[in-house]
>>> print(open('input21.cif').read())   # mmCIF, C-alpha atoms
data_input
#
loop_
_atom_site.group_PDB
_atom_site.id
_atom_site.type_symbol
_atom_site.label_atom_id
_atom_site.label_comp_id
_atom_site.auth_asym_id
_atom_site.auth_seq_id
_atom_site.Cartn_x
_atom_site.Cartn_y
_atom_site.Cartn_z
ATOM 1 C CA MET A 13 7.337 -11.537 33.269
ATOM 2 C CA LEU A 14 4.716 -12.589 30.732
ATOM 3 C CA LEU A 15 6.791 -11.127 27.902
ATOM 4 C CA MET A 16 9.805 -13.135 29.027
ATOM 5 C CA LEU A 17 7.719 -16.342 29.128
ATOM 6 C CA LEU A 18 6.417 -15.708 25.583
ATOM 7 C CA ARG A 19 9.960 -15.112 24.299
ATOM 8 C CA SER A 20 11.244 -18.350 25.838
ATOM 9 C CA LEU A 21 8.240 -20.251 24.454
ATOM 10 C CA SER A 22 8.788 -18.870 20.939
ATOM 11 C CA LEU A 23 12.509 -19.695 21.175
ATOM 12 C CA PHE A 24 11.635 -23.241 22.245
ATOM 13 C CA ILE A 25 9.244 -23.650 19.286
ATOM 14 C CA LEU A 26 11.871 -22.287 16.884
ATOM 15 C CA LEU A 27 14.484 -24.727 18.187
ATOM 16 C CA PHE A 28 12.011 -27.574 17.894
ATOM 17 C CA LEU A 29 11.303 -26.708 14.237
ATOM 18 C CA VAL A 30 15.003 -26.402 13.384
ATOM 19 C CA ALA A 31 15.730 -29.764 15.000
ATOM 20 C CA GLY A 32 12.899 -31.352 13.009
ATOM 21 C CA CYS A 33 14.217 -29.946 9.727
ATOM 22 C CA THR A 34 17.744 -31.244 10.311
ATOM 23 C CA ALA A 35 16.420 -34.678 11.274
ATOM 24 C CA ALA A 36 14.425 -34.875 8.029
ATOM 25 C CA LYS A 37 17.506 -33.881 6.023
ATOM 26 C CA ASN A 38 19.595 -36.663 7.564
ATOM 27 C CA HIS A 39 16.837 -39.184 6.828
ATOM 28 C CA THR A 40 16.889 -38.350 3.100
ATOM 29 C CA GLU A 41 20.669 -38.681 3.003
ATOM 30 C CA ILE A 42 20.449 -42.143 4.556
ATOM 31 C CA ALA A 43 17.797 -43.211 2.056
ATOM 32 C CA LYS A 44 19.917 -41.832 -0.807
ATOM 33 C CA ASN A 45 22.677 -44.440 -0.367
ATOM 34 C CA SER A 46 21.024 -47.775 0.335
ATOM 35 C CA TYR A 47 22.452 -51.272 0.195
ATOM 36 C CA ILE A 48 20.837 -54.491 -0.982
ATOM 37 C CA LYS A 49 21.915 -58.114 -0.987
ATOM 38 C CA GLY A 50 19.735 -60.296 -3.136
ATOM 39 C CA ILE A 51 18.989 -62.246 -6.282
ATOM 40 C CA VAL A 52 18.656 -60.630 -9.720
ATOM 41 C CA THR A 53 15.115 -61.379 -10.899
ATOM 42 C CA SER A 54 15.027 -59.470 -14.196
ATOM 43 C CA ILE A 55 17.410 -57.662 -16.562
ATOM 44 C CA SER A 56 16.691 -55.052 -19.233
ATOM 45 C CA LYS A 57 19.394 -54.039 -21.726
ATOM 46 C CA VAL A 58 19.791 -50.288 -22.362
ATOM 47 C CA ASN A 59 22.328 -48.354 -24.478
ATOM 48 C CA SER A 60 25.219 -48.144 -22.022
ATOM 49 C CA GLY A 61 24.400 -50.890 -19.506
ATOM 50 C CA TYR A 62 21.675 -52.863 -17.808
ATOM 51 C CA VAL A 63 18.663 -52.186 -15.602
ATOM 52 C CA TYR A 64 18.418 -54.790 -12.848
ATOM 53 C CA THR A 65 15.567 -55.740 -10.551
ATOM 54 C CA ILE A 66 16.809 -57.318 -7.334
ATOM 55 C CA GLU A 67 14.809 -59.136 -4.639
ATOM 56 C CA SER A 68 16.495 -59.207 -1.245
ATOM 57 C CA THR A 69 17.726 -62.303 0.591
ATOM 58 C CA ASP A 70 19.092 -60.362 3.580
ATOM 59 C CA THR A 71 17.313 -57.379 5.123
ATOM 60 C CA SER A 72 19.426 -57.044 8.260
ATOM 61 C CA ASN A 73 21.074 -53.717 9.151
ATOM 62 C CA GLY A 74 18.490 -51.704 7.220
ATOM 63 C CA LYS A 75 19.094 -53.237 3.789
ATOM 64 C CA LEU A 76 16.387 -52.786 1.148
ATOM 65 C CA THR A 77 13.804 -55.496 0.479
ATOM 66 C CA SER A 78 13.842 -54.878 -3.281
ATOM 67 C CA ALA A 79 15.469 -52.453 -5.691
ATOM 68 C CA GLN A 80 15.643 -51.512 -9.355
ATOM 69 C CA GLY A 81 18.541 -49.588 -10.839
ATOM 70 C CA PHE A 82 21.113 -49.136 -13.588
ATOM 71 C CA SER A 83 24.617 -50.622 -13.760
ATOM 72 C CA SER A 84 27.175 -51.174 -16.502
ATOM 73 C CA LYS A 85 28.427 -54.436 -14.967
ATOM 74 C CA PRO A 86 26.929 -57.548 -16.616
ATOM 75 C CA CYS A 87 25.405 -60.445 -14.698
ATOM 76 C CA ASN A 88 22.663 -63.036 -15.192
ATOM 77 C CA VAL A 89 19.213 -63.690 -13.755
ATOM 78 C CA GLY A 90 19.562 -65.771 -10.602
ATOM 79 C CA ASP A 91 22.937 -64.352 -9.532
ATOM 80 C CA LEU A 92 23.426 -63.312 -5.911
ATOM 81 C CA VAL A 93 24.617 -59.684 -5.833
ATOM 82 C CA TYR A 94 25.495 -56.982 -3.325
ATOM 83 C CA ALA A 95 24.891 -53.420 -4.463
ATOM 84 C CA ARG A 96 24.548 -49.843 -3.260
ATOM 85 C CA LEU A 97 21.701 -47.895 -4.840
ATOM 86 C CA ASN A 98 22.213 -44.145 -5.257
ATOM 87 C CA GLY A 99 19.132 -42.651 -6.871
ATOM 88 C CA ALA A 100 18.412 -44.783 -9.944
ATOM 89 C CA LYS A 101 21.985 -46.057 -10.369
ATOM 90 C CA PHE A 102 24.011 -48.723 -8.582
ATOM 91 C CA ASP A 103 27.263 -47.079 -7.413
ATOM 92 C CA TYR A 104 28.691 -50.360 -6.190
ATOM 93 C CA PHE A 105 27.663 -53.636 -7.829
ATOM 94 C CA ALA A 106 29.329 -56.958 -6.975
ATOM 95 C CA VAL A 107 28.341 -60.457 -8.077
ATOM 96 C CA LEU A 108 28.776 -62.731 -5.059
ATOM 97 C CA VAL A 109 27.585 -66.091 -6.446
ATOM 98 C CA THR A 110 26.724 -66.845 -10.072
ATOM 99 C CA GLY A 111 23.704 -69.075 -10.555
ATOM 100 C CA PHE A 112 22.635 -68.822 -6.918
ATOM 101 C CA GLU A 113 19.336 -70.484 -6.153
ATOM 102 C CA ARG A 114 17.621 -70.156 -2.849
ATOM 103 C CA VAL A 115 17.050 -73.694 -1.647
ATOM 104 C CA GLN A 116 14.115 -73.951 0.679
ATOM 105 C CA GLU A 117 14.234 -76.990 2.889
ATOM 106 C CA PRO A 118 10.927 -78.549 3.789
ATOM 107 C CA VAL A 119 9.633 -77.719 7.208
ATOM 108 C CA ILE A 120 9.483 -80.765 9.439
ATOM 109 C CA ILE A 121 7.037 -80.497 12.277
ATOM 110 C CA LYS A 122 7.155 -83.234 14.848
ATOM 111 C CA LYS A 123 4.043 -83.754 16.869
ATOM 112 C CA HIS A 124 4.382 -85.398 20.218
ATOM 113 C CA ARG A 125 1.223 -87.154 21.181
ATOM 114 C CA ARG A 126 1.280 -87.634 24.889
ATOM 115 C CA THR A 127 -1.285 -89.980 26.216
ATOM 116 C CA LYS A 128 -1.465 -92.056 29.332
ATOM 117 C CA GLN A 129 -0.441 -95.130 27.345
ATOM 118 C CA ASN A 130 2.888 -93.491 26.353
ATOM 119 C CA LEU A 131 3.802 -92.497 29.900
ATOM 120 C CA THR A 132 6.288 -94.661 31.754
ATOM 121 C CA VAL A 133 5.832 -95.377 35.406
ATOM 122 C CA ASP A 134 8.962 -95.322 37.517
ATOM 123 C CA SER A 135 8.673 -97.260 40.706
ATOM 124 C CA ILE A 136 10.033 -95.792 43.890
ATOM 125 C CA PRO A 137 12.445 -98.104 45.711
ATOM 126 C CA VAL A 138 10.993 -99.373 48.950
ATOM 127 C CA VAL A 139 14.190 -100.632 50.586
ATOM 128 C CA GLU A 140 17.700 -99.554 49.823
ATOM 129 C CA SER A 141 20.805 -100.633 51.657
ATOM 130 C CA ILE A 142 24.250 -99.115 51.517
ATOM 131 C CA GLU A 143 27.311 -101.116 52.502
ATOM 132 C CA PHE A 144 30.884 -99.919 53.016
#
>>> encode(input="input21.cif", output="structure tokens")
Amino acid sequence: MLLMLLRSLSLFILLFLVAGCTAAKNHTEIAKNSYIKGIVTSISKVNSGYVYTIESTDTSNGKLTSAQGFSSKPCNVGDLVYARLNGAKFDYFAVLVTGFERVQEPVIIKKHRRTKQNLTVDSIPVVESIEF
């Protein structure tokens, strides 16, 4: 009975380890192909293309917050791009808006100061008559 319990326990531990290894493998595959939507902040020219640094404008759906990688497609600093980073190279690189600038609108905070002077007093009707 004890031998059977030890065998089932060792089998359970083995299954747990195998499940952990496969989960880690899937995580690295997800991180391998990552998307980013953002503004090009810097460009470096190399022999066969360009190295771009991109700061994200949209981090929804697990997009990267920033990325640096190689692409042969030319663009300028300040362009809004959408790209897929695979290792150190952008597999997919699309310029969405040329000369995009993030316009930040000023934050307007309205303060409501409620004092007894600002309160209105509604009088309750004393007599009301209804005629048909």
>>> atom_distance(input="input21.cif", atom1="CA of Leu108 (chain A)", atom2="CA of Lys57 (chain A)")
21.0 Å
>>> closest_residue(input="input21.cif", among="A:Arg96, A:Val58, A:Ala79, A:Ile51", to="Gly111 (chain A)", atoms="all atoms listed in the file")
A:Ile51
>>> closest_residue(input="input21.cif", among="A:Thr69, A:Asn88, A:Ser20, A:Thr77", to="Ile55 (chain A)", atoms="only C-alpha atoms")
A:Asn88
>>> atom_distance(input="input21.cif", atom1="CA of Gly74 (chain A)", atom2="CA of Gly61 (chain A)")
27.4 Å
>>> resolve_selection(input="input21.cif", expression="the PyMOL selection byres ((chain A and resi 47) around 7)", output="compact mmCIF listing (two decimals) with C-alpha atoms, in the coordinates of the input")
# COMPACT_ATOMS: atom_id res chain seq x y z
CA ASN A 45 22.68 -44.44 -0.37
CA SER A 46 21.02 -47.78 0.34
CA ILE A 48 20.84 -54.49 -0.98
CA LYS A 49 21.92 -58.11 -0.99
CA LYS A 75 19.09 -53.24 3.79
CA LEU A 76 16.39 -52.79 1.15
CA ALA A 95 24.89 -53.42 -4.46
CA ARG A 96 24.55 -49.84 -3.26
CA LEU A 97 21.70 -47.90 -4.84
>>> atom_distance(input="input21.cif", atom1="CA of Ala100 (chain A)", atom2="CA of Glu67 (chain A)")
15.7 Å
>>> closest_residue(input="input21.cif", among="A:Ile66, A:Thr127, A:Ile142, A:Asp134", to="Phe102 (chain A)", atoms="all atoms listed in the file")
A:Ile66
>>> resolve_selection(input="input21.cif", expression="the PyMOL selection byres ((chain A and resi 105) around 8)", output="MDAnalysis selection string")
chainID A and resid 83 85 93:96 102:104 106:107
>>> closest_residue(input="input21.cif", among="A:Leu92, A:Pro86, A:Ser54, A:Glu140", to="Asp70 (chain A)", atoms="all atoms listed in the file")
A:Leu92
>>> axis_aligned_box(input="input21.cif", around="region 88-92 of chain A", padding_each_side="8 Å", output="lines of an AutoDock Vina configuration file")
center_x = 21.3
center_y = -64.4
center_z = -10.6
size_x = 20.2
size_y = 18.7
size_z = 25.3
>>> residues_around(input="input21.cif", residues="Ser56 (chain A)", least_positions_apart="2", cutoff="12 Å", atoms="only C-alpha atoms", output="MDAnalysis selection string")
chainID A and resid 52:54 58:65 80:84 86:89
>>> closest_residue(input="input21.cif", among="A:Phe144, A:Asp91, A:Ser72, A:Val139", to="Phe112 (chain A)", atoms="all atoms listed in the file")
A:Asp91
